[in-house]
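Trainee: Below are the structure tokens for one structure; questions will follow.
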Amino acid sequence: MCGRFNVIDDPLTQLLIDITGQREGWKIKTEYNVAPTQKVPVLVYDDDAESWDLRLMRWWLTPSWSDGPSTRYSMFNAKSETLGRNLSYREPFKNRRCVIPASGYYEWRKEGSNKFPYYMTPDYENGFAFAGLWDCWQGENQIIESCTIVTASAPVSMQTIHHRIPVHLTAEQSRNWMSNRTQMSVLEEILKPEIRTDIRVTPVSTVVNSARM
């Protein structure tokens with residue numbers, strides 16, 4: 001899973017340039033410990049206009065058909081295995097795929113009754129491009145755009161930390177993931193539980209357990 005991550009402006013700006021080929025218009029505010037329900041930058045693509053956009057969205061999916069924002073069900077992560085079946089994810093998976101850029105993410109390894117945090121960063125890339133889904137909920141006086149990070153079963157090399165990982169994409173996979181013209185067979189290939197870049201795993205202080213830090 002992915003329950004906490006950070007965004008650092010300068011390297012992630014270059015990541016967005018690598019994905020889009022567009023050098024202007026990227027503004028990312030550095031946040032060192034982003035938690036679910038907070039606003040995060042989300043990259044979307046419009047096939048018809050052939051245009052890119054970076055929007056701030058609530059990190060906890062609120063389906064368009066729901067009664068409104070809620071934390072009753074855990075919807076900051078979406079399992080890749082159920083995207084086509086789950087009522088909350090099925091339509092966004094078909095029409096509203098996105099990329100959520102991250103400099104690194106935190107995962108907690110369980111040892112006995114204790115959990116110890118680790119920080120995952122790409123060794124040679126400017127950041128992670130997480131596969132995501134987004135949706136738009138409209139109330140009487142409110143519009144909420146929200147997102148979720150897609151996760152997959154962890155490959156053997158990562159299972160000592162956690163049994164799931166966020167699906168992270170190459171620049172080419174990011175473009176294919178966001179285009180509504182991409183065939184389902186390509187999307188299924190993208191969702192395979194693979195490590196697509198060397199990942200550095202660093203133990204960190206339990207101070208990060210608090211989203212206020």
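FYI, nothing fancy with the structure tokens labels: chains A, B, ... in order, residues from 1 per chain, ligands from 1 as they appear.
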Would you please give, as number ranges by chain, all residues of segment 19-204 of chain A that DSSP assigns to strand (DSSP E or B) based on the backbone?
Mentor: A: 31-34, 39-46, 51-59, 77-79, 97-102, 104-111, 114-122, 128-138, 143-153, 164-166, 168, 199-203
Trainee: Could you name the residues that touch segment 37-54 of chain A at 8 Å or less, counting only C-alpha atoms, but leaving out those on the same chain fewer than 5 positions away, as a VMD selection string?
Mentor: chain A and resid 20 26 28 59 to 60 76 97 to 101 147 178 to 181
Trainee: Got a sec to tell me which of segment 17-88 of chain A DSSP assigns to helix (DSSP H, G or I), as a PyMOL selection string?
Mentor: chain A and resi 17-20+80-82+87-88
Trainee: Have a look at A:Phe128, A:Tyr73, A:Tyr118, A:Trp137 and name the one nearest to Gly104 of chain A; count only C-alpha atoms.
Mentor: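 Under the stated criterion, the closest residue is A:Phe128.
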Trainee: Which neighbours of Phe93 of chain A fall inside 8 Å, counting only C-alpha atoms, when residues of the same chain fewer than 2 positions from it are skipped, and could you give them as a list of chain:residue names?
Mentor: A:Leu83, A:Gly84, A:Tyr89, A:Arg90, A:Glu91, A:Asn95, A:Arg96, A:Arg97, A:Leu133
